[in-house]
Amino acid sequence: MDDRLSVQTAQNVDLSIAPAGLGERILAWVIDIAIVIGYFLIVDYTFDFMGRPEEWVVISVLVLPVLLYHLAFEVLFEGRTPGKLALRLKVARLDGAQPTLGQYLLRWLLRLVDVTLSSGTVAVLSIAISKRSQRLGDLAAGTTVIKRRRRVKLEEVLYPDTEADHQPDYPTADTLTDADVRTVRAVLVRMRLSRRDKRSKVLAERAKAAVEAKLGLEPVALDPEAFLKAIVRDHTFLLDRYQ
């Protein structure tokens, strides 16, 4: 069963985003808990050293920051706490978009059940058995925690630079249609974002075979990514030359 999320970009490129694994989420949680405990101990020691302040000061400086830690960081830093940032994770909606304030608030409120009262047992079980690695707060809010990949500049694959004296390796590349080249570019973007995904490699191999067949080429002794990049580069160069 495919548990990946499908995100449609403005360029109509279907990208695959993998939910974070249970181990990654636990490790991020451990980092966050260590930070919270460290903050609590430092502030509490400071209060003891300087004399216990009034109750409202204790609540404002000690209790509220600890209580609001996850909510504040996720709202202010686009779904990332320090623990998630260290593991390159973030909270996202199931369509890959940024959650709303209400969604952040709902998953934070249910943290009381997921994590606090059950010592994390409910969260671990829910993440382990749910299709998209969601704890109860995620299920209620329509969110999950995803792995953040390196951002790819679209110009890296959409508008490759070529020298003025460039000699095309595939002089018939300009016979490909705009739709053909958009498909090739989409495959390249997906490969850059999901390099370890076997399905991305299979998709690139199929695209390579389809382009070879359309251009009447024998199988080219290049890996699919290098071949598809060369096709895009030659197509862009040949069209620019005729304009």
# chains A, B, ... in the order shown; residues from 1 in each chain; ligands from 1
call {"tool": "closest_atom_pairs", "arguments": {"of": "segment 70-101 of chain A", "to": "segment 17-26 of chain A", "cutoff": "9 Å", "atoms": "only C-alpha atoms", "output": "JSON lines"}}
result
{"residue": "A:Gly83", "atom": "CA", "partner": "A:Arg25", "partner_atom": "CA", "distance": 8.7}
{"residue": "A:Lys84", "atom": "CA", "partner": "A:Arg25", "partner_atom": "CA", "distance": 7.6}
{"residue": "A:Leu87", "atom": "CA", "partner": "A:Glu24", "partner_atom": "CA", "distance": 6.9}
{"residue": "A:Leu89", "atom": "CA", "partner": "A:Ala20", "partner_atom": "CA", "distance": 6.9}
{"residue": "A:Lys90", "atom": "CA", "partner": "A:Ala20", "partner_atom": "CA", "distance": 8.7}
{"residue": "A:Gly96", "atom": "CA", "partner": "A:Ile17", "partner_atom": "CA", "distance": 7.7}
call {"tool": "write_last_selection", "arguments": {"atoms": "N, CA and C atoms", "output": "PDB file, in the first residue's frame"}}
result
ATOM      1  N   GLY A  83      13.666  20.088  17.506  1.00  0.00           N
ATOM      2  CA  GLY A  83      13.871  18.662  17.271  1.00  0.00           C
ATOM      3  C   GLY A  83      13.562  18.268  15.841  1.00  0.00           C
ATOM      4  N   LYS A  84      12.461  18.762  15.316  1.00  0.00           N
ATOM      5  CA  LYS A  84      12.108  18.465  13.925  1.00  0.00           C
ATOM      6  C   LYS A  84      13.116  19.085  12.968  1.00  0.00           C
ATOM      7  N   LEU A  87      16.158  16.976  12.583  1.00  0.00           N
ATOM      8  CA  LEU A  87      15.913  15.744  11.811  1.00  0.00           C
ATOM      9  C   LEU A  87      15.356  16.036  10.422  1.00  0.00           C
ATOM     10  N   LEU A  89      12.480  17.465   9.618  1.00  0.00           N
ATOM     11  CA  LEU A  89      11.067  17.112   9.581  1.00  0.00           C
ATOM     12  C   LEU A  89      10.229  18.368   9.738  1.00  0.00           C
ATOM     13  N   LYS A  90       8.980  18.294   9.357  1.00  0.00           N
ATOM     14  CA  LYS A  90       8.064  19.408   9.571  1.00  0.00           C
ATOM     15  C   LYS A  90       6.624  18.904   9.530  1.00  0.00           C
ATOM     16  N   GLY A  96       0.211  18.446   1.491  1.00  0.00           N
ATOM     17  CA  GLY A  96       1.550  19.023   1.443  1.00  0.00           C
ATOM     18  C   GLY A  96       1.616  20.496   1.757  1.00  0.00           C
TER      19      GLY A  96
END
call {"tool": "residues_around", "arguments": {"residues": "segment 51-66 of chain A", "least_positions_apart": "5", "cutoff": "7 Å", "atoms": "only C-alpha atoms", "output": "count of residues only"}}
result
3
call {"tool": "residues_around", "arguments": {"residues": "Asp138 of chain A", "least_positions_apart": "2", "cutoff": "12 Å", "atoms": "only C-alpha atoms", "output": "JSON, numbers by chain"}}
result
{"A": [19, 91, 92, 93, 94, 99, 103, 104, 105, 106, 107, 108, 109, 110, 111, 114, 123, 126, 127, 130, 131, 132, 133, 134, 135, 136, 140, 141, 142, 143, 144, 145, 146]}
call {"tool": "atom_distance", "arguments": {"atom1": "atom CA of Val122 of chain A", "atom2": "atom CA of Pro82 of chain A"}}
result
22.6 Å
call {"tool": "select_by_dssp", "arguments": {"residues": "chain A", "states": "strand (DSSP E)", "output": "count of residues only"}}
result
18
call {"tool": "residues_around", "arguments": {"residues": "segment 201-203 of chain A", "least_positions_apart": "4", "cutoff": "10 Å", "atoms": "only C-alpha atoms", "output": "short mmCIF file (atom, residue, chain, number, x, y, z; two decimals) with all heavy atoms, in the first residue's frame"}}
result
data_model
loop_
_atom_site.label_atom_id
_atom_site.label_comp_id
_atom_site.auth_asym_id
_atom_site.auth_seq_id
_atom_site.Cartn_x
_atom_site.Cartn_y
_atom_site.Cartn_z
N VAL A 184 9.49 15.23 -19.29
CA VAL A 184 10.89 14.95 -18.97
C VAL A 184 11.35 15.82 -17.80
O VAL A 184 12.01 15.34 -16.86
CB VAL A 184 11.79 15.20 -20.20
CG1 VAL A 184 13.27 15.14 -19.80
CG2 VAL A 184 11.49 14.17 -21.28
N VAL A 187 9.97 14.56 -14.53
CA VAL A 187 10.71 13.38 -14.07
C VAL A 187 12.02 13.80 -13.41
O VAL A 187 12.42 13.27 -12.36
CB VAL A 187 10.97 12.42 -15.25
CG1 VAL A 187 11.94 11.30 -14.83
CG2 VAL A 187 9.67 11.82 -15.74
N LEU A 188 12.71 14.77 -14.01
CA LEU A 188 13.98 15.24 -13.44
C LEU A 188 13.77 15.90 -12.09
O LEU A 188 14.57 15.71 -11.16
CB LEU A 188 14.65 16.22 -14.41
CG LEU A 188 15.26 15.58 -15.66
CD1 LEU A 188 15.69 16.67 -16.65
CD2 LEU A 188 16.45 14.71 -15.29
N ARG A 190 11.38 15.27 -9.98
CA ARG A 190 11.08 14.20 -9.01
C ARG A 190 12.34 13.45 -8.61
O ARG A 190 12.52 13.10 -7.44
CB ARG A 190 10.06 13.23 -9.61
CG ARG A 190 9.81 12.05 -8.68
CD ARG A 190 8.57 11.30 -9.02
NE ARG A 190 8.43 10.14 -8.14
CZ ARG A 190 7.32 9.44 -8.00
NH1 ARG A 190 6.24 9.80 -8.67
NH2 ARG A 190 7.26 8.40 -7.20
N MET A 191 13.24 13.22 -9.56
CA MET A 191 14.48 12.53 -9.23
C MET A 191 15.33 13.35 -8.26
O MET A 191 15.95 12.81 -7.35
CB MET A 191 15.28 12.24 -10.50
CG MET A 191 14.72 11.12 -11.35
SD MET A 191 15.95 10.48 -12.50
CE MET A 191 17.05 9.61 -11.37
N SER A 194 13.52 13.03 -4.88
CA SER A 194 13.34 11.67 -4.35
C SER A 194 14.40 10.74 -4.92
O SER A 194 14.10 9.70 -5.48
CB SER A 194 11.94 11.16 -4.70
OG SER A 194 10.95 12.07 -4.35
N ARG A 195 15.65 11.13 -4.73
CA ARG A 195 16.75 10.40 -5.37
C ARG A 195 16.82 8.94 -4.91
O ARG A 195 17.23 8.06 -5.66
CB ARG A 195 18.07 11.11 -5.09
CG ARG A 195 19.24 10.58 -5.91
CD ARG A 195 20.42 11.50 -5.84
NE ARG A 195 20.13 12.80 -6.41
CZ ARG A 195 20.13 13.05 -7.71
NH1 ARG A 195 20.38 12.09 -8.57
NH2 ARG A 195 19.87 14.26 -8.15
N ARG A 196 16.46 8.66 -3.67
CA ARG A 196 16.56 7.30 -3.15
C ARG A 196 15.29 6.48 -3.39
O ARG A 196 15.23 5.32 -3.01
CB ARG A 196 16.87 7.33 -1.65
CG ARG A 196 18.23 7.96 -1.34
CD ARG A 196 18.50 7.92 0.15
NE ARG A 196 19.77 8.54 0.48
CZ ARG A 196 20.26 8.65 1.71
NH1 ARG A 196 19.55 8.16 2.73
NH2 ARG A 196 21.41 9.23 1.94
N ASP A 197 14.32 7.10 -3.99
CA ASP A 197 13.05 6.42 -4.24
C ASP A 197 13.19 5.55 -5.50
O ASP A 197 13.45 6.05 -6.59
CB ASP A 197 11.94 7.46 -4.43
CG ASP A 197 10.57 6.83 -4.55
OD1 ASP A 197 10.50 5.58 -4.65
OD2 ASP A 197 9.58 7.57 -4.53
N ALA A 207 10.94 7.01 -18.95
CA ALA A 207 10.99 8.25 -19.73
C ALA A 207 12.13 8.20 -20.74
O ALA A 207 11.98 8.63 -21.89
CB ALA A 207 11.17 9.45 -18.79
N LYS A 208 13.26 7.67 -20.32
CA LYS A 208 14.41 7.54 -21.23
C LYS A 208 14.06 6.65 -22.42
O LYS A 208 14.34 6.99 -23.59
CB LYS A 208 15.60 6.94 -20.48
CG LYS A 208 16.86 6.70 -21.32
CD LYS A 208 17.99 6.19 -20.44
CE LYS A 208 19.28 5.98 -21.25
NZ LYS A 208 19.20 4.78 -22.10
N ALA A 209 13.43 5.51 -22.15
CA ALA A 209 13.05 4.60 -23.23
C ALA A 209 12.04 5.24 -24.16
O ALA A 209 12.13 5.07 -25.40
CB ALA A 209 12.48 3.31 -22.63
N ASP A 223 23.16 6.97 -18.09
CA ASP A 223 22.13 6.71 -17.09
C ASP A 223 20.94 7.61 -17.40
O ASP A 223 21.08 8.66 -18.05
CB ASP A 223 22.66 6.95 -15.68
CG ASP A 223 22.96 8.40 -15.40
OD1 ASP A 223 22.02 9.15 -15.08
OD2 ASP A 223 24.14 8.80 -15.52
N PRO A 224 19.75 7.23 -16.98
CA PRO A 224 18.53 7.96 -17.36
C PRO A 224 18.59 9.45 -17.03
O PRO A 224 18.17 10.28 -17.85
CB PRO A 224 17.43 7.26 -16.56
CG PRO A 224 17.92 5.86 -16.41
CD PRO A 224 19.41 6.00 -16.23
N GLU A 225 19.09 9.81 -15.86
CA GLU A 225 19.10 11.22 -15.48
C GLU A 225 20.01 12.03 -16.41
O GLU A 225 19.62 13.11 -16.87
CB GLU A 225 19.55 11.38 -14.03
CG GLU A 225 19.49 12.83 -13.55
CD GLU A 225 19.83 12.97 -12.07
OE1 GLU A 225 20.34 12.00 -11.49
OE2 GLU A 225 19.59 14.06 -11.52
#
call {"tool": "select_by_dssp", "arguments": {"residues": "segment 37-189 of chain A", "states": "helix (DSSP H, G or I)", "output": "JSON, numbers by chain"}}
result
{"A": [37, 38, 39, 40, 41, 42, 43, 44, 45, 46, 47, 48, 49, 50, 55, 56, 57, 58, 59, 60, 61, 62, 63, 64, 65, 66, 67, 69, 70, 71, 72, 73, 74, 75, 76, 82, 83, 84, 85, 86, 101, 102, 103, 104, 105, 106, 107, 108, 109, 111, 112, 113, 114, 115, 116, 121, 122, 123, 124, 125, 126, 127, 128, 129, 136, 137, 138, 139, 140, 141, 155, 156, 157, 158, 173, 174, 175, 178, 179, 180, 181, 182, 183, 184, 185, 186, 187, 188, 189]}
call {"tool": "closest_residue", "arguments": {"among": "A:Glu74, A:Glu218, A:Asp48, A:Asp169", "to": "Leu238 of chain A", "atoms": "only C-alpha atoms"}}
result
A:Asp169
